[in-house]
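Enquirer: Hey, dropping query.txt in here, compact mmCIF, C-alpha atoms and all ligand atoms:
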```
# COMPACT_ATOMS: atom_id res chain seq x y z
CA MET A 1 0.00 0.00 0.00
CA ASN A 2 1.11 3.47 -0.83
CA ILE A 3 0.61 5.62 2.29
CA VAL A 4 1.38 9.26 3.03
CA ALA A 5 2.22 10.25 6.61
CA ILE A 6 1.55 13.66 8.07
CA VAL A 7 3.44 14.54 11.25
CA GLY A 8 1.80 17.21 13.39
CA SER A 9 5.03 18.46 14.96
CA LEU A 10 7.57 20.63 13.13
CA ARG A 11 10.19 20.14 15.85
CA LYS A 12 13.56 18.83 14.65
CA ASP A 13 13.77 16.14 17.35
CA SER A 14 10.05 15.40 17.37
CA TYR A 15 9.09 12.09 18.99
CA ASN A 16 6.13 11.86 16.63
CA ARG A 17 8.42 12.24 13.62
CA LYS A 18 10.68 9.52 15.05
CA ILE A 19 7.65 7.24 15.43
CA ALA A 20 6.62 7.93 11.81
CA GLU A 21 10.17 7.07 10.70
CA PHE A 22 10.13 3.94 12.87
CA MET A 23 6.85 2.86 11.24
CA LYS A 24 8.16 3.58 7.74
CA ASN A 25 11.06 1.23 8.42
CA ARG A 26 9.30 -1.48 10.45
CA TYR A 27 6.37 -1.91 8.06
CA LYS A 28 8.23 -1.44 4.79
CA GLU A 29 7.20 -4.90 3.51
CA LYS A 30 3.53 -4.03 4.06
CA MET A 31 3.30 -0.31 3.33
CA ASP A 32 5.31 2.22 1.42
CA ILE A 33 5.11 5.23 3.78
CA GLU A 34 6.11 8.63 2.46
CA ILE A 35 6.44 11.31 5.16
CA LEU A 36 5.15 14.64 3.85
CA ASN A 37 6.33 18.09 4.88
CA ILE A 38 3.64 20.43 6.21
CA GLY A 39 6.06 23.01 7.65
CA ASN A 40 6.48 24.76 4.31
CA LEU A 41 2.75 25.18 3.54
CA PRO A 42 1.59 28.81 3.63
CA LEU A 43 -1.35 29.69 5.84
CA PHE A 44 -4.60 28.78 4.13
CA SER A 45 -6.63 31.58 2.53
CA GLU A 46 -9.73 31.28 0.37
CA ASP A 47 -8.30 34.07 -1.79
CA ILE A 48 -5.67 31.71 -3.23
CA GLU A 49 -7.38 28.31 -2.90
CA ASP A 50 -8.19 27.97 -6.62
CA ASP A 51 -4.60 28.56 -7.70
CA PRO A 52 -2.44 27.94 -4.63
CA PRO A 53 1.38 28.09 -4.49
CA THR A 54 3.23 25.14 -6.07
CA VAL A 55 4.14 23.71 -2.67
CA VAL A 56 0.42 23.33 -1.85
CA LYS A 57 -0.35 21.80 -5.27
CA GLU A 58 2.44 19.25 -4.79
CA PHE A 59 1.30 18.42 -1.26
CA LYS A 60 -2.29 17.90 -2.40
CA ASN A 61 -1.18 15.77 -5.36
CA GLN A 62 0.82 13.50 -3.06
CA ILE A 63 -2.30 12.95 -0.97
CA LYS A 64 -4.51 12.50 -4.02
CA SER A 65 -2.31 9.72 -5.40
CA SER A 66 -1.99 7.88 -2.05
CA GLU A 67 -4.07 4.89 -0.95
CA GLY A 68 -4.26 6.03 2.68
CA ILE A 69 -3.17 8.63 5.19
CA LEU A 70 -1.31 8.11 8.46
CA PHE A 71 -1.38 10.94 11.01
CA VAL A 72 1.28 10.94 13.71
CA THR A 73 0.74 13.92 15.94
CA PRO A 74 1.25 15.45 19.36
CA GLU A 75 -1.49 17.27 21.23
CA TYR A 76 -1.11 21.05 21.51
CA ASN A 77 -3.19 22.83 24.13
CA HIS A 78 -5.74 20.01 24.24
CA SER A 79 -6.22 20.05 20.48
CA ILE A 80 -4.64 19.68 17.01
CA PRO A 81 -1.34 21.49 16.35
CA GLY A 82 -1.95 24.60 14.20
CA ALA A 83 0.36 23.40 11.39
CA LEU A 84 -1.69 20.20 11.04
CA LYS A 85 -5.01 22.07 11.07
CA ASN A 86 -3.67 24.39 8.36
CA ALA A 87 -2.72 21.40 6.18
CA LEU A 88 -6.19 19.92 6.72
CA ASP A 89 -7.87 23.20 5.77
CA TRP A 90 -5.99 23.22 2.44
CA CYS A 91 -7.13 19.64 1.81
CA SER A 92 -10.76 20.45 2.59
CA ARG A 93 -11.26 22.76 -0.37
CA VAL A 94 -11.52 22.74 -4.21
CA ASP A 95 -10.49 19.14 -5.12
CA ARG A 96 -10.97 17.80 -1.55
CA VAL A 97 -8.11 15.36 -1.82
CA MET A 98 -8.78 13.49 1.45
CA LYS A 99 -12.32 12.49 0.51
CA ASP A 100 -12.92 8.74 1.17
CA LYS A 101 -9.26 8.11 2.05
CA PRO A 102 -8.75 5.50 4.79
CA THR A 103 -6.93 7.17 7.67
CA PHE A 104 -5.04 5.94 10.68
CA ILE A 105 -4.12 8.05 13.73
CA VAL A 106 -1.12 7.65 16.01
CA GLY A 107 -0.42 10.25 18.67
CA ALA A 108 2.33 10.73 21.25
CA SER A 109 2.64 13.38 23.90
CA ASN A 110 4.51 13.81 27.14
CA GLY A 111 1.29 14.21 29.13
CA ASN A 112 -0.77 11.47 30.78
CA VAL A 113 -3.60 11.25 28.24
CA GLY A 114 -1.45 10.55 25.19
CA THR A 115 -3.17 12.94 22.74
CA ALA A 116 -6.71 11.70 23.50
CA ARG A 117 -8.18 15.21 23.19
CA CYS A 118 -6.23 15.97 20.02
CA GLN A 119 -7.36 12.68 18.45
CA ALA A 120 -11.01 13.39 19.28
CA HIS A 121 -10.72 16.79 17.60
CA LEU A 122 -8.82 15.34 14.65
CA ARG A 123 -11.57 12.74 14.06
CA GLN A 124 -14.18 15.47 14.18
CA VAL A 125 -12.28 17.43 11.50
CA LEU A 126 -11.77 14.31 9.36
CA ASN A 127 -15.54 13.75 9.51
CA SER A 128 -16.32 17.27 8.25
CA GLY A 129 -18.00 17.66 4.87
CA GLY A 130 -14.90 19.25 3.33
CA ILE A 131 -12.51 16.51 4.37
CA SER A 132 -14.81 13.41 4.46
CA ALA A 133 -11.98 10.99 5.19
CA ILE A 134 -12.78 7.70 6.92
CA ASP A 135 -11.25 5.76 9.79
CA LEU A 136 -11.57 2.36 11.42
CA PRO A 137 -13.35 2.91 14.76
CA GLY A 138 -11.35 1.88 17.82
CA ASN A 139 -8.16 1.34 15.84
CA GLN A 140 -6.00 3.98 17.43
CA ILE A 141 -2.70 4.41 19.22
CA LEU A 142 -2.30 6.83 22.10
CA ILE A 143 1.19 7.06 23.54
CA ALA A 144 1.38 8.89 26.88
CA ASN A 145 4.64 9.93 28.56
CA VAL A 146 6.34 9.45 25.23
CA GLN A 147 9.82 10.29 26.54
CA ASP A 148 9.76 6.98 28.48
CA HIS A 149 9.37 4.97 25.26
CA PHE A 150 12.74 6.05 23.80
CA ASP A 151 16.32 5.22 24.72
CA LYS A 152 19.10 7.81 25.10
CA GLU A 153 20.05 7.50 21.42
CA GLY A 154 16.52 8.43 20.35
CA ASN A 155 15.35 4.92 19.38
CA PHE A 156 11.72 3.91 19.93
CA ILE A 157 12.17 0.86 22.17
CA ASP A 158 8.96 0.12 24.07
CA GLU A 159 8.23 -3.51 23.10
CA ARG A 160 4.69 -3.53 24.45
CA THR A 161 3.70 -0.46 22.43
CA ILE A 162 5.50 -1.81 19.35
CA LYS A 163 3.56 -5.12 19.55
CA TYR A 164 0.32 -3.18 19.86
CA LEU A 165 1.33 -1.00 16.93
CA ASP A 166 1.92 -4.18 14.86
CA ARG A 167 -1.65 -5.30 15.58
CA VAL A 168 -3.25 -1.97 14.84
CA VAL A 169 -1.28 -1.57 11.60
CA ASP A 170 -2.43 -5.04 10.47
CA ASN A 171 -6.04 -4.13 11.25
CA TYR A 172 -5.64 -0.94 9.26
CA ILE A 173 -4.16 -2.67 6.21
CA LYS A 174 -6.85 -5.39 6.18
CA TRP A 175 -9.60 -2.79 6.43
CA ALA A 176 -8.10 -0.45 3.82
CA GLU A 177 -7.52 -3.34 1.36
CA LYS A 178 -11.12 -4.48 1.81
CA LEU A 179 -12.36 -0.99 1.00
CA LYS A 180 -10.62 -1.15 -2.36
CA SER A 181 -12.45 -4.31 -3.46
C1 LIG B 201 2.41 24.52 22.20
C2 LIG B 201 2.43 23.25 22.98
C3 LIG B 201 1.28 22.80 23.60
C4 LIG B 201 1.26 21.57 24.26
N1 LIG B 201 0.09 21.10 24.79
C5 LIG B 201 0.05 19.83 25.27
C6 LIG B 201 -1.20 19.25 25.63
O1 LIG B 201 -2.25 19.86 25.54
N2 LIG B 201 -1.21 17.96 26.07
C7 LIG B 201 -0.04 17.23 26.17
O2 LIG B 201 -0.10 16.06 26.55
N3 LIG B 201 1.15 17.75 25.83
C8 LIG B 201 1.22 19.03 25.39
N4 LIG B 201 2.43 19.57 24.99
C9 LIG B 201 3.66 18.80 25.21
C10 LIG B 201 3.91 17.83 24.06
O3 LIG B 201 3.24 16.62 24.35
C11 LIG B 201 5.41 17.54 23.91
O4 LIG B 201 6.10 18.74 23.67
C12 LIG B 201 5.66 16.53 22.79
O5 LIG B 201 6.99 16.09 22.89
C13 LIG B 201 5.43 17.17 21.44
O6 LIG B 201 5.58 16.21 20.44
P1 LIG B 201 6.90 16.11 19.53
O7 LIG B 201 7.97 15.52 20.39
O8 LIG B 201 6.51 15.21 18.41
O9 LIG B 201 7.28 17.50 19.08
C14 LIG B 201 2.46 20.80 24.35
C15 LIG B 201 3.62 21.28 23.75
C16 LIG B 201 3.62 22.48 23.06
C17 LIG B 201 4.88 22.95 22.38
```
Starting from the coordinates I provided, produce the structure as structure tokens.

Expert:
Amino acid sequence: MNIVAIVGSLRKDSYNRKIAEFMKNRYKEKMDIEILNIGNLPLFSEDIEDDPPTVVKEFKNQIKSSEGILFVTPEYNHSIPGALKNALDWCSRVDRVMKDKPTFIVGASNGNVGTARCQAHLRQVLNSGGISAIDLPGNQILIANVQDHFDKEGNFIDERTIKYLDRVVDNYIKWAEKLKS
């Protein structure tokens, strides 16, 4: 499967980015994950939505040609990071490139609720008329106290979480493949 991944954090040493990279490597036999850049997207404006800058056109085309979307995101102030919301707003208009795409959400934060509030908001946005993406209910990963899941060299090492991730990824692939038929 050809999957695009959108990471909600722009931070250089982002745990969420490291998890996306870990998934790209671990599941390479099952999915071809391309991690997209949302940090270079301009702020959305309706004034330019019909003929947006090239960087937006390229971003939307990558999503359009994908078979699914993986979100890996932290929670910011009990909600979705602004950069991620901006990317979603671009995708919600004109050609609505996320429509009917099977999505999968992973979230890691250093708080105790592991992005639960962000994920609830993200699902609400994905269900909006403009986006209309779909997800597999209950198939989610919330990683709390994310700093405890990495070693000193920055490797994602928590075996229990990794085993769970394996299961949830398999569920996602089975579901997304079934949707195609
Ligand atoms: C602007 C901002 C708001 C944050 N708000 C929350 C929050 O609401 N809940 C939470 O668990 N962590 C919050 N955090 C802490 C993040 O979980 C932590 O910085 C995490 O490492 C960010 O993910 P990253 O490593 O992928 O950049 C916030 C961090 C920032 C910078």

Enquirer: Identify, counting all atoms listed in the file, the protein, DNA and RNA residues located within 9 Å of ligand LIG 201 (chain B), and give them as a ChimeraX atom specification.

Expert: /A:7-19,72-81,107-118,144-147

Enquirer: What lies within 12 Å of Asn37 of chain A using only C-alpha atoms, ignoring chain neighbours under 5 positions off, as a count of residues only?

Expert: 20

Enquirer: For Pro52 of chain A, which residue among A:Val94, A:Ile131, A:Val168, A:Ile35 is the nearest when counting only C-alpha atoms?

Expert: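 Nearest to Pro52 of chain A: A:Val94.
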
Enquirer: Here is a test: counting all atoms listed in the file, which residue of A:Lys85, A:Lys24, A:Lys101, A:Lys30 is nearest to Lys174 of chain A?

Expert: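 Among A:Lys85, A:Lys24, A:Lys101, A:Lys30, it is A:Lys30 that comes nearest to Lys174 of chain A.
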
Enquirer: Restricting the calculation to only C-alpha atoms, which member of A:Lys178, A:Arg26, A:Lys64, A:His121 is positioned closest to Met98 of chain A?

Expert: A:Lys64

Enquirer: List every protein, DNA or RNA residue that has an atom no more than 12 Å from (-2.6, 0.7, 8.6) in the file's coordinate frame, counting all atoms listed in the file, and report them as an NGL selection string.

Expert: :A and (1-5 or 23-24 or 27-28 or 30-33 or 67-71 or 101-106 or 135-136 or 139-141 or 165-177)

Enquirer: Just to confirm, what's the straight-line distance from atom CA of Ser128 of chain A to atom CA of Lys99 of chain A in Å (one decimal)?

Expert: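 Those two atoms sit 9.9 Å apart.
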
Enquirer: Which residue is closest to Glu49 of chain A? Choose from A:Ile157, A:Trp90, A:Glu21, A:Asp151 and count all atoms listed in the file.

Expert: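 Under the stated criterion, the closest residue is A:Trp90.
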
Enquirer: For the atom pair atom CA of Ile134 of chain A and atom CA of Asp100 of chain A, what is the interatomic distance in Å to one decimal place?

Expert: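 Separation of atom CA of Ile134 of chain A and atom CA of Asp100 of chain A: 5.8 Å.
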
Enquirer: From the options A:Ser65, A:Asp51, A:Phe22, A:Asn86, which residue's atoms come nearest to Gly154 of chain A, counting only C-alpha atoms?

Expert: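 Among the listed residues, the smallest separation from Gly154 of chain A belongs to A:Phe22.
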
Enquirer: Please determine, counting only C-alpha atoms, which residue among A:Ile143, A:Leu88, A:Val97, A:Leu179 has the shortest atom-to-atom distance to Arg123 of chain A.

Expert: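 Of A:Ile143, A:Leu88, A:Val97, A:Leu179, the one nearest Arg123 of chain A, counting only C-alpha atoms, is A:Leu88.
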
Enquirer: For the atom pair atom CA of Arg93 of chain A and atom CA of Gly39 of chain A, what is the interatomic distance in Å to one decimal place?

Expert: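 Distance reported for this atom pair: 19.1 Å.
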
Enquirer: Output, as JSON, the centre and edge lengths in Å (one decimal) of the axis-aligned box that contains all listed atoms of segment 134-139 of chain A with 5 Å of margin on each side.

Expert:
```
{"center_x": -10.8, "center_y": 4.5, "center_z": 12.4, "size_x": 15.2, "size_y": 16.4, "size_z": 20.9}
```

Enquirer: N, CA, C and O atoms are needed for segment 123-146 of chain A; please write them out as a PDB file, in the coordinates of the input.

Expert:
```
ATOM      1  N   ARG A 123     -10.499  13.560  14.662  1.00  0.00           N
ATOM      2  CA  ARG A 123     -11.570  12.740  14.060  1.00  0.00           C
ATOM      3  C   ARG A 123     -12.742  13.608  13.644  1.00  0.00           C
ATOM      4  O   ARG A 123     -13.353  13.396  12.598  1.00  0.00           O
ATOM      5  N   GLN A 124     -13.064  14.569  14.495  1.00  0.00           N
ATOM      6  CA  GLN A 124     -14.180  15.470  14.180  1.00  0.00           C
ATOM      7  C   GLN A 124     -13.893  16.239  12.878  1.00  0.00           C
ATOM      8  O   GLN A 124     -14.771  16.382  12.033  1.00  0.00           O
ATOM      9  N   VAL A 125     -12.661  16.689  12.721  1.00  0.00           N
ATOM     10  CA  VAL A 125     -12.280  17.430  11.500  1.00  0.00           C
ATOM     11  C   VAL A 125     -12.304  16.481  10.294  1.00  0.00           C
ATOM     12  O   VAL A 125     -12.813  16.829   9.218  1.00  0.00           O
ATOM     13  N   LEU A 126     -11.784  15.257  10.482  1.00  0.00           N
ATOM     14  CA  LEU A 126     -11.770  14.310   9.360  1.00  0.00           C
ATOM     15  C   LEU A 126     -13.181  13.954   8.905  1.00  0.00           C
ATOM     16  O   LEU A 126     -13.412  13.633   7.737  1.00  0.00           O
ATOM     17  N   ASN A 127     -14.140  14.035   9.837  1.00  0.00           N
ATOM     18  CA  ASN A 127     -15.540  13.750   9.510  1.00  0.00           C
ATOM     19  C   ASN A 127     -16.278  14.932   8.899  1.00  0.00           C
ATOM     20  O   ASN A 127     -17.453  14.821   8.557  1.00  0.00           O
ATOM     21  N   SER A 128     -15.637  16.078   8.794  1.00  0.00           N
ATOM     22  CA  SER A 128     -16.320  17.270   8.250  1.00  0.00           C
ATOM     23  C   SER A 128     -16.619  17.060   6.771  1.00  0.00           C
ATOM     24  O   SER A 128     -15.959  16.248   6.100  1.00  0.00           O
ATOM     25  N   GLY A 129     -17.596  17.806   6.279  1.00  0.00           N
ATOM     26  CA  GLY A 129     -18.000  17.660   4.870  1.00  0.00           C
ATOM     27  C   GLY A 129     -16.840  17.920   3.920  1.00  0.00           C
ATOM     28  O   GLY A 129     -16.691  17.239   2.912  1.00  0.00           O
ATOM     29  N   GLY A 130     -16.016  18.895   4.227  1.00  0.00           N
ATOM     30  CA  GLY A 130     -14.900  19.250   3.330  1.00  0.00           C
ATOM     31  C   GLY A 130     -13.850  18.167   3.255  1.00  0.00           C
ATOM     32  O   GLY A 130     -13.306  17.881   2.197  1.00  0.00           O
ATOM     33  N   ILE A 131     -13.560  17.547   4.372  1.00  0.00           N
ATOM     34  CA  ILE A 131     -12.510  16.510   4.370  1.00  0.00           C
ATOM     35  C   ILE A 131     -13.125  15.145   4.008  1.00  0.00           C
ATOM     36  O   ILE A 131     -12.649  14.484   3.104  1.00  0.00           O
ATOM     37  N   SER A 132     -14.141  14.694   4.736  1.00  0.00           N
ATOM     38  CA  SER A 132     -14.810  13.410   4.460  1.00  0.00           C
ATOM     39  C   SER A 132     -13.857  12.230   4.300  1.00  0.00           C
ATOM     40  O   SER A 132     -14.016  11.412   3.386  1.00  0.00           O
ATOM     41  N   ALA A 133     -12.842  12.175   5.171  1.00  0.00           N
ATOM     42  CA  ALA A 133     -11.980  10.990   5.190  1.00  0.00           C
ATOM     43  C   ALA A 133     -12.642   9.964   6.109  1.00  0.00           C
ATOM     44  O   ALA A 133     -13.581  10.283   6.838  1.00  0.00           O
ATOM     45  N   ILE A 134     -12.163   8.730   6.080  1.00  0.00           N
ATOM     46  CA  ILE A 134     -12.780   7.700   6.920  1.00  0.00           C
ATOM     47  C   ILE A 134     -11.728   7.046   7.821  1.00  0.00           C
ATOM     48  O   ILE A 134     -10.540   7.060   7.513  1.00  0.00           O
ATOM     49  N   ASP A 135     -12.191   6.493   8.937  1.00  0.00           N
ATOM     50  CA  ASP A 135     -11.250   5.760   9.790  1.00  0.00           C
ATOM     51  C   ASP A 135     -11.908   4.509  10.333  1.00  0.00           C
ATOM     52  O   ASP A 135     -13.123   4.343  10.249  1.00  0.00           O
ATOM     53  N   LEU A 136     -11.075   3.612  10.856  1.00  0.00           N
ATOM     54  CA  LEU A 136     -11.570   2.360  11.420  1.00  0.00           C
ATOM     55  C   LEU A 136     -11.812   2.603  12.913  1.00  0.00           C
ATOM     56  O   LEU A 136     -10.852   2.829  13.666  1.00  0.00           O
ATOM     57  N   PRO A 137     -13.070   2.580  13.368  1.00  0.00           N
ATOM     58  CA  PRO A 137     -13.350   2.910  14.760  1.00  0.00           C
ATOM     59  C   PRO A 137     -12.556   2.018  15.730  1.00  0.00           C
ATOM     60  O   PRO A 137     -12.414   0.810  15.499  1.00  0.00           O
ATOM     61  N   GLY A 138     -12.058   2.628  16.782  1.00  0.00           N
ATOM     62  CA  GLY A 138     -11.350   1.880  17.820  1.00  0.00           C
ATOM     63  C   GLY A 138      -9.916   1.533  17.485  1.00  0.00           C
ATOM     64  O   GLY A 138      -9.173   1.070  18.348  1.00  0.00           O
ATOM     65  N   ASN A 139      -9.508   1.743  16.251  1.00  0.00           N
ATOM     66  CA  ASN A 139      -8.160   1.340  15.840  1.00  0.00           C
ATOM     67  C   ASN A 139      -7.195   2.525  15.967  1.00  0.00           C
ATOM     68  O   ASN A 139      -6.862   3.175  14.992  1.00  0.00           O
ATOM     69  N   GLN A 140      -6.797   2.785  17.210  1.00  0.00           N
ATOM     70  CA  GLN A 140      -6.000   3.980  17.430  1.00  0.00           C
ATOM     71  C   GLN A 140      -4.838   3.689  18.376  1.00  0.00           C
ATOM     72  O   GLN A 140      -4.862   2.724  19.124  1.00  0.00           O
ATOM     73  N   ILE A 141      -3.845   4.543  18.317  1.00  0.00           N
ATOM     74  CA  ILE A 141      -2.700   4.410  19.220  1.00  0.00           C
ATOM     75  C   ILE A 141      -2.508   5.727  19.960  1.00  0.00           C
ATOM     76  O   ILE A 141      -2.337   6.778  19.325  1.00  0.00           O
ATOM     77  N   LEU A 142      -2.556   5.648  21.280  1.00  0.00           N
ATOM     78  CA  LEU A 142      -2.300   6.830  22.100  1.00  0.00           C
ATOM     79  C   LEU A 142      -1.080   6.538  22.954  1.00  0.00           C
ATOM     80  O   LEU A 142      -1.103   5.588  23.749  1.00  0.00           O
ATOM     81  N   ILE A 143      -0.032   7.304  22.785  1.00  0.00           N
ATOM     82  CA  ILE A 143       1.190   7.060  23.540  1.00  0.00           C
ATOM     83  C   ILE A 143       1.402   8.209  24.531  1.00  0.00           C
ATOM     84  O   ILE A 143       1.702   9.340  24.137  1.00  0.00           O
ATOM     85  N   ALA A 144       1.189   7.892  25.820  1.00  0.00           N
ATOM     86  CA  ALA A 144       1.380   8.890  26.880  1.00  0.00           C
ATOM     87  C   ALA A 144       2.836   8.835  27.363  1.00  0.00           C
ATOM     88  O   ALA A 144       3.543   7.858  27.105  1.00  0.00           O
ATOM     89  N   ASN A 145       3.273   9.873  28.018  1.00  0.00           N
ATOM     90  CA  ASN A 145       4.640   9.930  28.560  1.00  0.00           C
ATOM     91  C   ASN A 145       5.655   9.421  27.535  1.00  0.00           C
ATOM     92  O   ASN A 145       6.475   8.536  27.825  1.00  0.00           O
ATOM     93  N   VAL A 146       5.592   9.986  26.374  1.00  0.00           N
ATOM     94  CA  VAL A 146       6.340   9.450  25.230  1.00  0.00           C
ATOM     95  C   VAL A 146       7.847   9.370  25.481  1.00  0.00           C
ATOM     96  O   VAL A 146       8.521   8.460  24.990  1.00  0.00           O
TER      97      VAL A 146
END
```
